[in-house]
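First comes the structure, then the notes that go with it.
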Protein chains: 4
Amino acid sequence: MTDNTFGTLFSFTSFGESHGPAIGCVVDGVPPRLPLSAADIQPYLDRRKPGQNRFVTQRREADEVEILSGTYEGHTTGTPIGLLIRNTDQRSKDYGEIANQFRPGHADYTYQEKYGIRDHRGGGRSSARETAMRVAAGAIADITLKHILGEAFCIRASVIQIGPHAIDPSRFCVDEIDNNPFFCGDAIAAQEWEAYLDDVRKSGSSAGAILEVVATGIPAGLGQPIYGKLDAEIASAMMGINAAKGVEIGSGFGLSSLPGTDAGDEMRAGADGPEFTSNHAGGILGGISTGQPITARIAIKPTSSILTPRTSIDREGNEVEVVTKGRHDPCVGIRGVPVVEAMMAIVLLDQMMRHQAQTTLF
Amino acid sequence: MTDNTFGTLFSFTSFGESHGPAIGCVVDGVPPRLPLSAADIQPYLDRRKPGQNRFVTQRREADEVEILSGTYEGHTTGTPIGLLIRNTDQRSKDYGEIANQFRPGHADYTYQEKYGIRDHRGGGRSSARETAMRVAAGAIADITLKHILGEAFCIRASVIQIGPHAIDPSRFCVDEIDNNPFFCGDAIAAQEWEAYLDDVRKSGSSAGAILEVVATGIPAGLGQPIYGKLDAEIASAMMGINAAKGVEIGSGFGLSSLPGTDAGDEMRAGADGPEFTSNHAGGILGGISTGQPITARIAIKPTSSILTPRTSIDREGNEVEVVTKGRHDPCVGIRGVPVVEAMMAIVLLDQMMRHQAQTTLF
Amino acid sequence: MTDNTFGTLFSFTSFGESHGPAIGCVVDGVPPRLPLSAADIQPYLDRRKPGQNRFVTQRREADEVEILSGTYEGHTTGTPIGLLIRNTDQRSKDYGEIANQFRPGHADYTYQEKYGIRDHRGGGRSSARETAMRVAAGAIADITLKHILGEAFCIRASVIQIGPHAIDPSRFCVDEIDNNPFFCGDAIAAQEWEAYLDDVRKSGSSAGAILEVVATGIPAGLGQPIYGKLDAEIASAMMGINAAKGVEIGSGFGLSSLPGTDAGDEMRAGADGPEFTSNHAGGILGGISTGQPITARIAIKPTSSILTPRTSIDREGNEVEVVTKGRHDPCVGIRGVPVVEAMMAIVLLDQMMRHQAQTTLF
Amino acid sequence: MTDNTFGTLFSFTSFGESHGPAIGCVVDGVPPRLPLSAADIQPYLDRRKPGQNRFVTQRREADEVEILSGTYEGHTTGTPIGLLIRNTDQRSKDYGEIANQFRPGHADYTYQEKYGIRDHRGGGRSSARETAMRVAAGAIADITLKHILGEAFCIRASVIQIGPHAIDPSRFCVDEIDNNPFFCGDAIAAQEWEAYLDDVRKSGSSAGAILEVVATGIPAGLGQPIYGKLDAEIASAMMGINAAKGVEIGSGFGLSSLPGTDAGDEMRAGADGPEFTSNHAGGILGGISTGQPITARIAIKPTSSILTPRTSIDREGNEVEVVTKGRHDPCVGIRGVPVVEAMMAIVLLDQMMRHQAQTTLF
């Protein structure tokens, strides 16, 4: 029940603050005999790495992951995998002014209220820096799932809206996602966002985003009813991501407006087995996967660290004007894409292992 | 990690199928010396009970809860509370035709795929009937929280949209919620919904809904970062409710469109301590409560059991036309209101206990 | 982490007090499609049932178990199995005198200190009556293991010492165990114990016992290092049994005196695979099963409820003389035999499922 | 449920192999605002450190622990504490010969059977080297308990038997424990053991041990019945230590032989509250602490790595003669003393937090 652990059979336990010596995690439950090296994990981290373009934080860190345990001669051994990333670019002085202030939209106030102490530097434990470990653990889950499920398996997230500007779904192309700095599948929207985000940054503001994630090649039957439902686990995983404020599965909130005669996905006898004629359910019925693509959307609020002055209080209760300097993403949602993919991989592998345990003994 | 348990320190483990002998649960972690009897729990169940008006299923069951353990002379003892409700109105014959068919939108297909066997009667374990135990466990949580937090504490859910018809928030009045069969805080919307749902039923269709829940009187500091965040736990609790497809906290998906200059809730030095000037965050920052009201919305899909014929397949893979007879809610979201309240109470008490454990030792 | 749950993947959550309306449990993680009815579980309970001879408590209850969920047409469905036993013979008046006193050796004082309230009747929750649910849950585990492992699998416990009188191991015969009221594999020792226990009872005293359990037909590889070791789980399971004060695996405490040259079990290349030439390790190395029989011994203290007056205090702190009337086993260890077998079955099935989850995905 | 995590509310998750780059752990649930630095933890590790005298392994490592997170300005923040110890003295070549052999008494065979792969170097994950992290996590627990409970609180383990040679309890003096290389409270026995162990080593053999641990200053009421009993948790913690084969609480196995009239500890009305006249129960009744000293004994088998040749098989199933070179403790039980203390501290703090959560809300 440790509060810094996610997952049950496949799990990881993370530690580390934004400006401490290091961040790291322990990945437990990894199947043995899987080929794995740090070089396999690094590309996942590189996709999330800050400083890659002007739309994400200019903090520059190599984010080189070190495997400390759990592998032998290039293969997993079934023992826990310790992962470590040293923090190298910690400009704590940028944060000096706000040591005593509660930045609006941040966890400053709540950590202080909860613990009576906080490491304010860069947000401390509440910093999105911790998500690097989710990506690293998710990399191991993704590699494991690829090993088990083969080519058909794929998890792909993208940004489908920045601020009020949504993509045109008819222009969506999965191959486009890696061609722009926004993980956007609509090339035209990506161009518009570039101008929009330049304006946002110049005005000292920031923007929110909506992300979509699709997992294909997932067999039917994964998910543990009643309280370990696949969709409940996805909801927990996604809402636990920094700045996330909403999660929906399949047609989500839109399903509430559909008539019942349209809402339930019909089935047909297909050439290769059962086929669904639609996927409003997002690949999940009764908390269990149907075999269709699993789809979810996540709402990310605008970056709370902005240059525009805002009113707040300090630890003594005095009103203060807060300006967040430091280096911040104008739209923190963008870098959420690899994190969303990672968490989806972790949930799916964990559910696969839970399913395996109960249903394959005889 | 039992899949039929929800909660960590305050928890409940449920069992039971729609048409089996009984449903029940074990509530664990209840603080000792709390006044409690079955009569205290029953009103919560009565609010959820079917058969109360023509907009919910006509199945009629007393749903009388029996306390089997954990109390002595009208007080809790700290030992687990066993709760039992016998199933009394089980018309299994209604379901005979669909024993071999997969109803669109239902968990029939996925249970069959997962387990290779299923109790089809009334949906078996996947039936919303199980939510009676969530309500019973939630009643104990709510009573405990009232005992601890006093008058200021209140959890109140309501239906804010049925089908495409949303309430007018300016007309919302909390006292109105219990004055209509829809748990609706807008009296005019409630009248419109009555006509709308009559049409829906006559046309052999069903409607979805959006629910909102607000918890007031919650102290700041509850919620365990990083993977036991208050919002992540709420998301898991709500998405685990039957037919739920979306969850958002505070301004939720709407936050994605707000500029950063508006999104972060500002603070002022109020007469009685810190005050927030808005609550886009829904009372949660960094996964920890701020002391503001905690707000969430839940999307519920239309009832999948409808009289209009739909195409599906049977266990042998043949295409079939499915008509769901039986007695069903035209809008299952309505009866979700007490369930949403119950799950919120359980999450909050659980988090309060987790907070207590770590931060009050010295 | 619920305190009334045992097990991780295969688990059960129990509730109930000695003199409440009922005891029961929820068994979770049961594999689907297993043939199971109440009639399959009842024989396990009958072996533990009180009132069967003069060496165990004369409380007489049918202890008829009812399956409330989780089966359909005589097979498990993979959903949780609710089990219920009504308490029928509750002579609460026997306990009136001690409502306010702390019986030596009992949990009266500690429950009062912990919770500030207690159901004193028959020991309430701390009564060995709760072990009926362990036996019921263990029955399901045992039946499942038999289904998976076949004829080679067997768990058998017996009493090897009562008071200071140990069996002669050279006379031990497994077929003898069910031929006497002591679950004793040494027919001559059983006769001696009969006389001994008659004396003990007449003198108003009671006797302790040592139990031994052997599980055969267990494959190598079960057990999760480092903190889910098979022996650590067995230790937890056995020490959690009422009145247990010691657990040892294999040669246990005796191993401390052996020279290292004798202690490690050697291996040979046998006709059917590796063979061990001894089993000091009790079938477990590094927390993982070796394929040899798994053996453990459990120390049970004398029944604390005795007719001889003892000095103690009451709730107000006054010194009192305590005489425990009621109906009690002169040697509570005897009825521990089916409980020990049950807990062993639960641990083994749970470990088998954990092993299955991690190592059989590819 | 991660297999490399111990504890529920106060917990730690360890990783690392004997000859990998590092060992480490994540300690979760630490109360905030506790003064803590690496210098506070180091003395605990130094007590366990190898190479300090000729009776323990001659492997020499600084075992310097680094705190990677969870503290700020010398105090804990309530966030997880990452701890790291680099492995510096890894003579893997010593182990070359046995890469393919299964050493009797070791986990070589079982790891291979379980995972199909193993890091044989120094025993890999099954090495006692991992216990350094138990000691480090236990140090934090001990420091926390001292902070809460003050001077009265103390956990002290010692060796009370090596091979067949037990101490004379009448000569036991707690101040003597740190005056000899055996953590022995009986100075005369310590001298005898010195000669005995020299003989054992010269003969190429090894010796087992029995350890005793006593925790004083523990309030009544700690321990969660039914399956989170204080004694069951202690049993699990102790049996999970490398080479442990038995655990007993209080008078343990000896209680089985006592008459019931002597076994239950009587109470008196003392000047400062209730007093017990004996402590056969080892400070635990019904799984809950009584306020008396908590006492346990642990049986440790002889070191399995010995110079005397033993017969075993290799991975291909051929019979081989195994001689373990490398550097090994002639009696591994000695260095178990700080590990036993550490695990006791972890169990007690965890139980204190669980107790706090449930019983102090109102």
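A note on labels: chains of the structure tokens are A, B, ... as shown, every chain counts residues from 1, and ligands are counted from 1 in their shown order.
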
Report as JSON, numbers by chain the set of chain A residues whose atoms approach chain B to within 6 Å, with distances computed over only C-alpha atoms. {"A": [3, 4, 6, 104, 105, 107, 110, 113, 114, 163, 164, 205, 206, 207, 208, 209, 221, 226, 227, 228, 232, 235, 236, 239, 240, 245, 246, 247, 248, 249, 252, 253, 255, 256, 257, 259, 260, 261, 264, 265, 266, 267, 268, 269, 285, 286, 288, 290, 299, 300, 301, 302, 311, 312, 317, 319]}

Just the strand (DSSP E or B) stuff from region 61-202 of chain D, please, per backbone DSSP, written as an mmCIF file with all heavy atoms, in the first residue's frame.
data_model
loop_
_atom_site.group_PDB
_atom_site.id
_atom_site.type_symbol
_atom_site.label_atom_id
_atom_site.label_comp_id
_atom_site.auth_asym_id
_atom_site.auth_seq_id
_atom_site.Cartn_x
_atom_site.Cartn_y
_atom_site.Cartn_z
ATOM 1 N N GLU D 66 23.995 6.500 0.976
ATOM 2 C CA GLU D 66 23.696 7.831 0.471
ATOM 3 C C GLU D 66 22.180 8.024 0.498
ATOM 4 O O GLU D 66 21.437 7.150 0.070
ATOM 5 C CB GLU D 66 24.221 7.961 -0.971
ATOM 6 C CG GLU D 66 24.035 9.334 -1.578
ATOM 7 C CD GLU D 66 24.476 9.406 -3.055
ATOM 8 O OE1 GLU D 66 24.783 8.350 -3.650
ATOM 9 O OE2 GLU D 66 24.481 10.507 -3.600
ATOM 10 N N ILE D 67 21.744 9.153 1.026
ATOM 11 C CA ILE D 67 20.312 9.500 0.986
ATOM 12 C C ILE D 67 20.055 10.265 -0.312
ATOM 13 O O ILE D 67 20.660 11.318 -0.533
ATOM 14 C CB ILE D 67 19.906 10.350 2.202
ATOM 15 C CG1 ILE D 67 20.021 9.536 3.493
ATOM 16 C CG2 ILE D 67 18.490 10.875 2.039
ATOM 17 C CD1 ILE D 67 19.581 10.283 4.750
ATOM 18 N N THR D 71 14.548 14.039 2.243
ATOM 19 C CA THR D 71 14.935 14.933 3.342
ATOM 20 C C THR D 71 15.218 16.314 2.769
ATOM 21 O O THR D 71 15.576 16.465 1.600
ATOM 22 C CB THR D 71 16.177 14.437 4.100
ATOM 23 O OG1 THR D 71 17.302 14.439 3.206
ATOM 24 C CG2 THR D 71 15.966 13.047 4.648
ATOM 25 N N TYR D 72 15.061 17.311 3.620
ATOM 26 C CA TYR D 72 15.314 18.692 3.217
ATOM 27 C C TYR D 72 15.812 19.436 4.445
ATOM 28 O O TYR D 72 15.162 19.404 5.492
ATOM 29 C CB TYR D 72 14.028 19.324 2.675
ATOM 30 C CG TYR D 72 14.188 20.755 2.239
ATOM 31 C CD1 TYR D 72 15.098 21.097 1.227
ATOM 32 C CD2 TYR D 72 13.445 21.763 2.826
ATOM 33 C CE1 TYR D 72 15.251 22.409 0.818
ATOM 34 C CE2 TYR D 72 13.592 23.087 2.426
ATOM 35 C CZ TYR D 72 14.504 23.398 1.424
ATOM 36 O OH TYR D 72 14.655 24.703 1.030
ATOM 37 N N HIS D 75 15.855 17.307 7.643
ATOM 38 C CA HIS D 75 14.631 16.734 8.189
ATOM 39 C C HIS D 75 13.887 15.960 7.105
ATOM 40 O O HIS D 75 13.948 16.313 5.933
ATOM 41 C CB HIS D 75 13.709 17.834 8.730
ATOM 42 C CG HIS D 75 14.234 18.481 9.958
ATOM 43 N ND1 HIS D 75 15.288 19.385 9.929
ATOM 44 C CD2 HIS D 75 13.874 18.355 11.269
ATOM 45 C CE1 HIS D 75 15.540 19.794 11.168
ATOM 46 N NE2 HIS D 75 14.717 19.187 11.995
ATOM 47 N N THR D 76 13.171 14.940 7.533
ATOM 48 C CA THR D 76 12.336 14.216 6.589
ATOM 49 C C THR D 76 11.175 15.106 6.151
ATOM 50 O O THR D 76 10.725 15.974 6.896
ATOM 51 C CB THR D 76 11.747 12.944 7.239
ATOM 52 O OG1 THR D 76 10.975 13.333 8.374
ATOM 53 C CG2 THR D 76 12.840 11.992 7.681
ATOM 54 N N ILE D 81 12.145 8.061 0.956
ATOM 55 C CA ILE D 81 13.589 8.203 1.122
ATOM 56 C C ILE D 81 14.286 7.130 0.299
ATOM 57 O O ILE D 81 14.129 5.939 0.563
ATOM 58 C CB ILE D 81 13.976 8.098 2.608
ATOM 59 C CG1 ILE D 81 13.318 9.252 3.384
ATOM 60 C CG2 ILE D 81 15.493 8.114 2.777
ATOM 61 C CD1 ILE D 81 13.605 9.248 4.871
ATOM 62 N N GLY D 82 15.013 7.572 -0.706
ATOM 63 C CA GLY D 82 15.813 6.653 -1.509
ATOM 64 C C GLY D 82 17.189 6.485 -0.884
ATOM 65 O O GLY D 82 17.841 7.466 -0.550
ATOM 66 N N LEU D 83 17.599 5.248 -0.688
ATOM 67 C CA LEU D 83 18.912 4.962 -0.099
ATOM 68 C C LEU D 83 19.733 4.132 -1.072
ATOM 69 O O LEU D 83 19.200 3.241 -1.738
ATOM 70 C CB LEU D 83 18.758 4.185 1.218
ATOM 71 C CG LEU D 83 17.986 4.878 2.344
ATOM 72 C CD1 LEU D 83 17.817 3.930 3.528
ATOM 73 C CD2 LEU D 83 18.681 6.160 2.778
ATOM 74 N N LEU D 84 21.017 4.410 -1.127
ATOM 75 C CA LEU D 84 21.877 3.720 -2.084
ATOM 76 C C LEU D 84 23.214 3.373 -1.442
ATOM 77 O O LEU D 84 23.810 4.178 -0.736
ATOM 78 C CB LEU D 84 22.124 4.629 -3.303
ATOM 79 C CG LEU D 84 22.821 3.972 -4.497
ATOM 80 C CD1 LEU D 84 21.854 3.045 -5.226
ATOM 81 C CD2 LEU D 84 23.346 5.032 -5.466
ATOM 82 N N ILE D 85 23.661 2.143 -1.706
ATOM 83 C CA ILE D 85 25.019 1.726 -1.340
ATOM 84 C C ILE D 85 25.650 1.092 -2.571
ATOM 85 O O ILE D 85 25.130 0.105 -3.104
ATOM 86 C CB ILE D 85 25.016 0.698 -0.177
ATOM 87 C CG1 ILE D 85 24.413 1.309 1.084
ATOM 88 C CG2 ILE D 85 26.428 0.194 0.089
ATOM 89 C CD1 ILE D 85 24.286 0.322 2.237
ATOM 90 N N ARG D 86 26.741 1.664 -3.014
ATOM 91 C CA ARG D 86 27.445 1.085 -4.150
ATOM 92 C C ARG D 86 28.196 -0.175 -3.707
ATOM 93 O O ARG D 86 28.735 -0.220 -2.602
ATOM 94 C CB ARG D 86 28.442 2.102 -4.714
ATOM 95 C CG ARG D 86 27.797 3.297 -5.394
ATOM 96 C CD ARG D 86 27.442 2.985 -6.849
ATOM 97 N NE ARG D 86 26.610 4.050 -7.430
ATOM 98 C CZ ARG D 86 26.088 3.977 -8.641
ATOM 99 N NH1 ARG D 86 26.281 2.917 -9.406
ATOM 100 N NH2 ARG D 86 25.341 4.953 -9.097
ATOM 101 N N GLN D 101 26.914 -24.848 -10.914
ATOM 102 C CA GLN D 101 26.642 -25.862 -9.898
ATOM 103 C C GLN D 101 25.632 -25.347 -8.876
ATOM 104 O O GLN D 101 25.519 -24.147 -8.666
ATOM 105 C CB GLN D 101 27.947 -26.202 -9.153
ATOM 106 C CG GLN D 101 29.047 -26.711 -10.073
ATOM 107 C CD GLN D 101 30.333 -26.958 -9.317
ATOM 108 O OE1 GLN D 101 30.530 -26.466 -8.200
ATOM 109 N NE2 GLN D 101 31.220 -27.742 -9.918
ATOM 110 N N CYS D 154 13.568 0.637 23.533
ATOM 111 C CA CYS D 154 14.855 0.059 23.156
ATOM 112 C C CYS D 154 14.627 -1.299 22.502
ATOM 113 O O CYS D 154 13.831 -2.105 22.974
ATOM 114 C CB CYS D 154 15.754 -0.106 24.383
ATOM 115 S SG CYS D 154 17.373 -0.799 23.976
ATOM 116 N N ILE D 155 15.313 -1.550 21.414
ATOM 117 C CA ILE D 155 15.315 -2.880 20.782
ATOM 118 C C ILE D 155 16.737 -3.414 20.858
ATOM 119 O O ILE D 155 17.676 -2.752 20.432
ATOM 120 C CB ILE D 155 14.869 -2.809 19.300
ATOM 121 C CG1 ILE D 155 13.435 -2.309 19.186
ATOM 122 C CG2 ILE D 155 15.018 -4.174 18.636
ATOM 123 C CD1 ILE D 155 12.979 -2.095 17.749
ATOM 124 N N ARG D 156 16.874 -4.594 21.389
ATOM 125 C CA ARG D 156 18.216 -5.155 21.557
ATOM 126 C C ARG D 156 18.193 -6.632 21.240
ATOM 127 O O ARG D 156 17.463 -7.403 21.884
ATOM 128 C CB ARG D 156 18.670 -4.934 23.017
ATOM 129 C CG ARG D 156 20.165 -4.873 23.175
ATOM 130 C CD ARG D 156 20.716 -3.610 22.508
ATOM 131 N NE ARG D 156 22.177 -3.519 22.622
ATOM 132 C CZ ARG D 156 23.023 -4.091 21.753
ATOM 133 N NH1 ARG D 156 22.575 -4.784 20.740
ATOM 134 N NH2 ARG D 156 24.324 -3.947 21.906
ATOM 135 N N ALA D 157 18.985 -7.032 20.257
ATOM 136 C CA ALA D 157 19.126 -8.451 19.930
ATOM 137 C C ALA D 157 20.493 -8.931 20.359
ATOM 138 O O ALA D 157 21.430 -8.144 20.514
ATOM 139 C CB ALA D 157 18.945 -8.669 18.430
ATOM 140 N N SER D 158 20.599 -10.228 20.567
ATOM 141 C CA SER D 158 21.906 -10.812 20.882
ATOM 142 C C SER D 158 21.908 -12.267 20.450
ATOM 143 O O SER D 158 20.853 -12.847 20.179
ATOM 144 C CB SER D 158 22.205 -10.694 22.379
ATOM 145 O OG SER D 158 21.300 -11.483 23.129
ATOM 146 N N VAL D 159 23.093 -12.840 20.389
ATOM 147 C CA VAL D 159 23.222 -14.262 20.071
ATOM 148 C C VAL D 159 23.188 -15.029 21.391
ATOM 149 O O VAL D 159 23.955 -14.712 22.301
ATOM 150 C CB VAL D 159 24.533 -14.540 19.314
ATOM 151 C CG1 VAL D 159 24.662 -16.028 18.991
ATOM 152 C CG2 VAL D 159 24.598 -13.711 18.034
ATOM 153 N N ILE D 160 22.285 -15.981 21.504
ATOM 154 C CA ILE D 160 22.199 -16.736 22.762
ATOM 155 C C ILE D 160 22.677 -18.176 22.602
ATOM 156 O O ILE D 160 22.762 -18.912 23.568
ATOM 157 C CB ILE D 160 20.772 -16.713 23.350
ATOM 158 C CG1 ILE D 160 19.774 -17.350 22.382
ATOM 159 C CG2 ILE D 160 20.357 -15.287 23.713
ATOM 160 C CD1 ILE D 160 18.410 -17.584 23.012
ATOM 161 N N GLN D 161 22.988 -18.575 21.380
ATOM 162 C CA GLN D 161 23.518 -19.923 21.151
ATOM 163 C C GLN D 161 24.280 -19.936 19.836
ATOM 164 O O GLN D 161 23.834 -19.349 18.847
ATOM 165 C CB GLN D 161 22.381 -20.951 21.121
ATOM 166 C CG GLN D 161 22.866 -22.391 20.977
ATOM 167 C CD GLN D 161 21.729 -23.405 21.111
ATOM 168 O OE1 GLN D 161 20.803 -23.225 21.910
ATOM 169 N NE2 GLN D 161 21.782 -24.459 20.316
ATOM 170 N N ILE D 162 25.445 -20.593 19.857
ATOM 171 C CA ILE D 162 26.173 -20.841 18.613
ATOM 172 C C ILE D 162 26.459 -22.330 18.558
ATOM 173 O O ILE D 162 26.988 -22.906 19.521
ATOM 174 C CB ILE D 162 27.467 -20.015 18.519
ATOM 175 C CG1 ILE D 162 27.135 -18.548 18.226
ATOM 176 C CG2 ILE D 162 28.385 -20.566 17.416
ATOM 177 C CD1 ILE D 162 28.345 -17.669 17.945
ATOM 178 N N HIS D 165 26.145 -24.666 21.667
ATOM 179 C CA HIS D 165 26.587 -24.004 22.894
ATOM 180 C C HIS D 165 25.747 -22.775 23.227
ATOM 181 O O HIS D 165 25.916 -21.713 22.642
ATOM 182 C CB HIS D 165 28.051 -23.609 22.758
ATOM 183 C CG HIS D 165 28.933 -24.763 22.395
ATOM 184 N ND1 HIS D 165 29.200 -25.811 23.265
ATOM 185 C CD2 HIS D 165 29.584 -25.081 21.244
ATOM 186 C CE1 HIS D 165 29.980 -26.699 22.677
ATOM 187 N NE2 HIS D 165 30.233 -26.286 21.440
ATOM 188 N N ALA D 166 24.858 -22.941 24.207
ATOM 189 C CA ALA D 166 23.981 -21.847 24.615
ATOM 190 C C ALA D 166 24.626 -21.020 25.711
ATOM 191 O O ALA D 166 25.525 -21.492 26.420
ATOM 192 C CB ALA D 166 22.649 -22.397 25.097
#

Which residues, written as a PDB file with all heavy atoms, in the first residue's frame, have at least one atom at most 9 Å from Ile143 (chain D), with only C-alpha atoms counted and residues fewer than 4 positions away on the same chain left out?
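Written file, around_24.pdb:
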ATOM      1  N   LEU D  34      11.094  14.750  10.872  1.00  0.00           N
ATOM      2  CA  LEU D  34      12.026  14.001  11.725  1.00  0.00           C
ATOM      3  C   LEU D  34      13.453  14.391  11.358  1.00  0.00           C
ATOM      4  O   LEU D  34      13.822  14.338  10.192  1.00  0.00           O
ATOM      5  CB  LEU D  34      11.817  12.502  11.479  1.00  0.00           C
ATOM      6  CG  LEU D  34      12.704  11.529  12.251  1.00  0.00           C
ATOM      7  CD1 LEU D  34      12.187  11.358  13.683  1.00  0.00           C
ATOM      8  CD2 LEU D  34      12.735  10.166  11.555  1.00  0.00           C
ATOM      9  N   PRO D  35      14.291  14.765  12.336  1.00  0.00           N
ATOM     10  CA  PRO D  35      15.698  15.030  12.011  1.00  0.00           C
ATOM     11  C   PRO D  35      16.359  13.750  11.492  1.00  0.00           C
ATOM     12  O   PRO D  35      16.272  12.712  12.154  1.00  0.00           O
ATOM     13  CB  PRO D  35      16.299  15.459  13.361  1.00  0.00           C
ATOM     14  CG  PRO D  35      15.132  15.851  14.204  1.00  0.00           C
ATOM     15  CD  PRO D  35      13.987  14.991  13.751  1.00  0.00           C
ATOM     16  N   LEU D  36      16.994  13.834  10.343  1.00  0.00           N
ATOM     17  CA  LEU D  36      17.597  12.629   9.756  1.00  0.00           C
ATOM     18  C   LEU D  36      18.660  12.995   8.731  1.00  0.00           C
ATOM     19  O   LEU D  36      18.439  13.815   7.840  1.00  0.00           O
ATOM     20  CB  LEU D  36      16.526  11.772   9.062  1.00  0.00           C
ATOM     21  CG  LEU D  36      17.037  10.414   8.552  1.00  0.00           C
ATOM     22  CD1 LEU D  36      17.216   9.444   9.706  1.00  0.00           C
ATOM     23  CD2 LEU D  36      16.083   9.828   7.516  1.00  0.00           C
ATOM     24  N   ASP D  40      23.144   9.591  10.607  1.00  0.00           N
ATOM     25  CA  ASP D  40      22.315   8.908  11.610  1.00  0.00           C
ATOM     26  C   ASP D  40      22.128   7.434  11.278  1.00  0.00           C
ATOM     27  O   ASP D  40      21.939   6.605  12.172  1.00  0.00           O
ATOM     28  CB  ASP D  40      20.935   9.577  11.696  1.00  0.00           C
ATOM     29  CG  ASP D  40      21.013  11.029  12.155  1.00  0.00           C
ATOM     30  OD1 ASP D  40      21.828  11.314  13.058  1.00  0.00           O
ATOM     31  OD2 ASP D  40      20.275  11.861  11.610  1.00  0.00           O
ATOM     32  N   ILE D  41      22.132   7.126  10.010  1.00  0.00           N
ATOM     33  CA  ILE D  41      21.896   5.743   9.562  1.00  0.00           C
ATOM     34  C   ILE D  41      23.185   4.924   9.585  1.00  0.00           C
ATOM     35  O   ILE D  41      23.181   3.725   9.878  1.00  0.00           O
ATOM     36  CB  ILE D  41      21.294   5.746   8.134  1.00  0.00           C
ATOM     37  CG1 ILE D  41      19.968   6.518   8.127  1.00  0.00           C
ATOM     38  CG2 ILE D  41      21.117   4.328   7.615  1.00  0.00           C
ATOM     39  CD1 ILE D  41      19.394   6.742   6.736  1.00  0.00           C
ATOM     40  N   GLY D 138      15.605  -0.140   8.732  1.00  0.00           N
ATOM     41  CA  GLY D 138      15.344  -0.325  10.151  1.00  0.00           C
ATOM     42  C   GLY D 138      15.923   0.811  10.982  1.00  0.00           C
ATOM     43  O   GLY D 138      15.355   1.183  12.021  1.00  0.00           O
ATOM     44  N   ALA D 139      17.021   1.357  10.546  1.00  0.00           N
ATOM     45  CA  ALA D 139      17.604   2.496  11.261  1.00  0.00           C
ATOM     46  C   ALA D 139      16.619   3.658  11.284  1.00  0.00           C
ATOM     47  O   ALA D 139      16.413   4.294  12.323  1.00  0.00           O
ATOM     48  CB  ALA D 139      18.913   2.921  10.584  1.00  0.00           C
ATOM     49  N   HIS D 147      12.148   8.777  18.651  1.00  0.00           N
ATOM     50  CA  HIS D 147      11.602  10.135  18.660  1.00  0.00           C
ATOM     51  C   HIS D 147      10.202  10.145  19.282  1.00  0.00           C
ATOM     52  O   HIS D 147       9.837  11.082  19.991  1.00  0.00           O
ATOM     53  CB  HIS D 147      11.543  10.643  17.213  1.00  0.00           C
ATOM     54  CG  HIS D 147      11.331  12.113  17.089  1.00  0.00           C
ATOM     55  ND1 HIS D 147      12.349  13.025  17.215  1.00  0.00           N
ATOM     56  CD2 HIS D 147      10.206  12.843  16.841  1.00  0.00           C
ATOM     57  CE1 HIS D 147      11.876  14.257  17.056  1.00  0.00           C
ATOM     58  NE2 HIS D 147      10.578  14.169  16.824  1.00  0.00           N
ATOM     59  N   ILE D 148       9.448   9.101  19.033  1.00  0.00           N
ATOM     60  CA  ILE D 148       8.071   9.035  19.531  1.00  0.00           C
ATOM     61  C   ILE D 148       8.016   8.546  20.971  1.00  0.00           C
ATOM     62  O   ILE D 148       7.327   9.117  21.821  1.00  0.00           O
ATOM     63  CB  ILE D 148       7.227   8.084  18.647  1.00  0.00           C
ATOM     64  CG1 ILE D 148       7.167   8.596  17.209  1.00  0.00           C
ATOM     65  CG2 ILE D 148       5.826   7.907  19.218  1.00  0.00           C
ATOM     66  CD1 ILE D 148       6.594   7.588  16.218  1.00  0.00           C
TER      67      ILE D 148
END
